[in-house]
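Following: one structure in structure tokens, then a few remarks.
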Amino acid sequence: QVQLVESGGGLVQAGGSLRLSCAASGRTFSSYAMGWFRQAPGKDREFVAAISWSGAGTHYIDSVKGRFTISKDNAKITVYLQMNSLKPEDTAVYYCAQARRYRGAVDYIPTLDTEYEYWGQGTQVTVSS
């Protein structure tokens with residue numbers, strides 16, 4: 001059974017930074033793409049960023065490009081989301097997820113939530129203006 005546990009959320013002022021972590025267990029972490037999604041109050045869950053299983057490729061939604069960075073540490077079995085220059089519109093519950101597909105192309109980066117099989121419980125990020 002795969003478990004994903006997020007941490008690192010909190011309250012920060014606009015322009016500040018946070019680093020989210022997601023610790024994984026249960027299957028070979030290094031062989032699965034990982035993603036971050038978020039859900040703001042009253043809105044649908046949206047894709048934020050993802051990294052291929054190999055780490056060779058990353059993808060971001062336009063609104064976070066240049067501000068957020070996704071990375072993974074296979075030795076620590078953890079995926080990170082470094083968030084800089086935070087804005088009030090980044091306020092949401094952030095979820096990490098592990099892809100359904102085992103490996104695939106080295107630059108395979110799933111962006112749809114249906115492409116992910118396991119989800120964490122979420123961590124709240126609140127950005128004050």
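By convention in this document, the chains of the structure tokens carry letters A, B, ... by their order, each chain's residues are numbered from 1, and ligands are numbered from 1 in the order they are shown.
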
Can you pull out the residues contacting Val127 in chain A? Cut-off 7 Å, using only C-alpha atoms, and skip same-chain residues under 3 positions away; I want them as number ranges by chain.
A: 11-14, 86-88, 90-91

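Ranking A:Arg27, A:Arg67, A:Lys72, A:Arg45 by their shortest atom-to-atom distance to Arg100 in chain A, with only C-alpha atoms included, puts A:Arg27 first.
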
For range 48-61 of chain A: contacts at 10 Å, only C-alpha atoms, fewer than 3 positions along chain excluded, given as an MDAnalysis selection string
chainID A and resid 29:39 45 64:74 79 81 94:99 101:111

Selection file, N, CA and C atoms, as a CSV table (one decimal), in the first residue's frame:
```
chain,number,residue,atom,x,y,z
A,29,PHE,N,9.7,4.2,-5.5
A,29,PHE,CA,9.5,5.7,-5.7
A,29,PHE,C,10.2,6.1,-7.0
A,30,SER,N,11.4,5.7,-7.2
A,30,SER,CA,12.2,6.2,-8.3
A,30,SER,C,11.6,5.8,-9.7
A,31,SER,N,10.6,4.9,-9.7
A,31,SER,CA,10.1,4.5,-11.0
A,31,SER,C,8.7,5.1,-11.4
A,32,TYR,N,8.3,6.1,-10.6
A,32,TYR,CA,7.0,6.7,-10.9
A,32,TYR,C,7.1,8.2,-10.9
A,33,ALA,N,6.4,8.8,-11.9
A,33,ALA,CA,6.3,10.3,-11.9
A,33,ALA,C,5.5,10.7,-10.7
A,34,MET,N,5.8,12.0,-10.3
A,34,MET,CA,5.2,12.6,-9.1
A,34,MET,C,4.6,13.9,-9.5
A,35,GLY,N,3.5,14.3,-8.9
A,35,GLY,CA,2.9,15.6,-9.2
A,35,GLY,C,2.4,16.3,-7.9
A,36,TRP,N,2.1,17.6,-8.1
A,36,TRP,CA,1.5,18.4,-7.1
A,36,TRP,C,0.2,19.0,-7.7
A,37,PHE,N,-0.8,18.9,-6.9
A,37,PHE,CA,-2.1,19.6,-7.3
A,37,PHE,C,-2.5,20.5,-6.2
A,38,ARG,N,-3.5,21.3,-6.4
A,38,ARG,CA,-4.0,22.2,-5.4
A,38,ARG,C,-5.5,22.4,-5.6
A,39,GLN,N,-6.2,22.7,-4.5
A,39,GLN,CA,-7.6,23.0,-4.5
A,39,GLN,C,-7.9,24.1,-3.6
A,45,ARG,N,-10.0,21.0,-8.1
A,45,ARG,CA,-8.6,20.7,-8.0
A,45,ARG,C,-7.9,20.9,-9.3
A,64,VAL,N,2.5,29.5,-12.2
A,64,VAL,CA,3.5,29.2,-11.2
A,64,VAL,C,4.9,29.2,-11.9
A,65,LYS,N,5.0,29.2,-13.2
A,65,LYS,CA,6.3,29.1,-13.8
A,65,LYS,C,7.2,30.3,-13.4
A,66,GLY,N,8.4,29.9,-13.1
A,66,GLY,CA,9.4,30.9,-12.6
A,66,GLY,C,9.3,31.2,-11.1
A,67,ARG,N,8.3,30.6,-10.5
A,67,ARG,CA,8.1,30.8,-9.0
A,67,ARG,C,8.2,29.5,-8.3
A,68,PHE,N,7.7,28.4,-8.8
A,68,PHE,CA,7.7,27.1,-8.2
A,68,PHE,C,8.7,26.2,-8.8
A,69,THR,N,9.3,25.3,-8.0
A,69,THR,CA,10.2,24.3,-8.6
A,69,THR,C,9.9,23.0,-7.9
A,70,ILE,N,9.7,22.0,-8.8
A,70,ILE,CA,9.5,20.6,-8.3
A,70,ILE,C,10.8,19.8,-8.4
A,71,SER,N,11.0,19.0,-7.4
A,71,SER,CA,12.2,18.2,-7.5
A,71,SER,C,12.0,16.9,-6.7
A,72,LYS,N,12.8,15.9,-6.9
A,72,LYS,CA,12.6,14.6,-6.1
A,72,LYS,C,14.0,14.1,-5.7
A,73,ASP,N,14.0,13.5,-4.6
A,73,ASP,CA,15.2,12.9,-4.0
A,73,ASP,C,14.9,11.4,-3.8
A,74,ASN,N,15.4,10.6,-4.7
A,74,ASN,CA,15.1,9.2,-4.6
A,74,ASN,C,15.7,8.5,-3.4
A,79,VAL,N,9.4,14.0,-2.6
A,79,VAL,CA,9.3,15.0,-3.7
A,79,VAL,C,9.0,16.3,-3.0
A,81,LEU,N,8.2,20.7,-3.4
A,81,LEU,CA,7.7,21.8,-4.2
A,81,LEU,C,8.2,23.1,-3.5
A,94,TYR,N,-2.7,21.8,-0.8
A,94,TYR,CA,-1.8,21.2,-1.8
A,94,TYR,C,-1.7,19.7,-1.6
A,95,TYR,N,-1.8,19.0,-2.7
A,95,TYR,CA,-1.8,17.5,-2.6
A,95,TYR,C,-0.6,17.0,-3.5
A,96,CYS,N,0.1,16.0,-3.0
A,96,CYS,CA,1.0,15.3,-3.9
A,96,CYS,C,0.4,14.0,-4.3
A,97,ALA,N,0.9,13.5,-5.4
A,97,ALA,CA,0.3,12.3,-6.0
A,97,ALA,C,1.3,11.6,-6.8
A,98,GLN,N,1.1,10.3,-6.8
A,98,GLN,CA,2.0,9.4,-7.5
A,98,GLN,C,1.3,8.8,-8.8
A,99,ALA,N,2.0,8.8,-9.9
A,99,ALA,CA,1.4,8.3,-11.1
A,99,ALA,C,1.0,6.9,-11.1
A,101,ARG,N,1.3,5.0,-13.9
A,101,ARG,CA,2.1,4.3,-14.9
A,101,ARG,C,3.5,4.1,-14.4
A,102,TYR,N,4.0,2.9,-14.5
A,102,TYR,CA,5.3,2.5,-14.1
A,102,TYR,C,6.3,3.0,-15.2
A,103,ARG,N,7.2,3.8,-14.9
A,103,ARG,CA,8.2,4.4,-15.8
A,103,ARG,C,7.5,5.0,-17.0
A,104,GLY,N,7.7,4.4,-18.2
A,104,GLY,CA,7.3,5.0,-19.5
A,104,GLY,C,8.5,5.8,-20.0
A,105,ALA,N,8.3,6.7,-20.9
A,105,ALA,CA,9.4,7.5,-21.5
A,105,ALA,C,10.0,8.3,-20.3
A,106,VAL,N,11.3,8.5,-20.5
A,106,VAL,CA,12.1,9.2,-19.5
A,106,VAL,C,11.5,10.6,-19.2
A,107,ASP,N,10.8,11.2,-20.2
A,107,ASP,CA,10.2,12.5,-20.0
A,107,ASP,C,8.7,12.5,-19.9
A,108,TYR,N,8.2,11.3,-19.6
A,108,TYR,CA,6.7,11.2,-19.4
A,108,TYR,C,6.3,12.0,-18.2
A,109,ILE,N,5.4,13.0,-18.4
A,109,ILE,CA,5.0,13.8,-17.3
A,109,ILE,C,3.5,13.9,-17.3
A,110,PRO,N,2.8,13.2,-16.4
A,110,PRO,CA,1.3,13.2,-16.4
A,110,PRO,C,0.8,14.5,-15.8
A,111,THR,N,-0.2,15.0,-16.4
A,111,THR,CA,-0.8,16.3,-15.9
A,111,THR,C,-2.3,16.2,-15.5
```

To test your reading of the structure, identify every residue in chain A that backbone DSSP assigns to strand (DSSP E or B), and report it as JSON, numbers by chain.
{"A": [3, 4, 5, 6, 7, 10, 11, 12, 13, 18, 19, 20, 21, 22, 23, 24, 25, 34, 35, 36, 37, 38, 39, 46, 47, 48, 49, 50, 51, 58, 59, 60, 68, 69, 70, 71, 72, 73, 78, 79, 80, 81, 82, 83, 92, 93, 94, 95, 96, 97, 98, 99, 116, 117, 118, 119, 123, 124, 125, 126, 127, 128]}

Can you tell me, as a ChimeraX atom specification, what residues are no more than 6 Å from Leu20 in chain A when counting only C-alpha atoms, ignoring any on the same chain fewer than 4 positions away?
/A:7-8,80-81

Please save C-alpha atoms of the selected residues as a PDB file, in the first residue's frame.
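Result saved to part.pdb:
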```pdb
ATOM      1  CA  SER A   7       4.288  18.578   5.114  1.00  0.00           C
ATOM      2  CA  GLY A   8       5.556  22.130   4.996  1.00  0.00           C
ATOM      3  CA  TYR A  80       9.467  18.688  -3.017  1.00  0.00           C
ATOM      4  CA  LEU A  81       7.710  21.804  -4.203  1.00  0.00           C
TER       5      LEU A  81
END
```
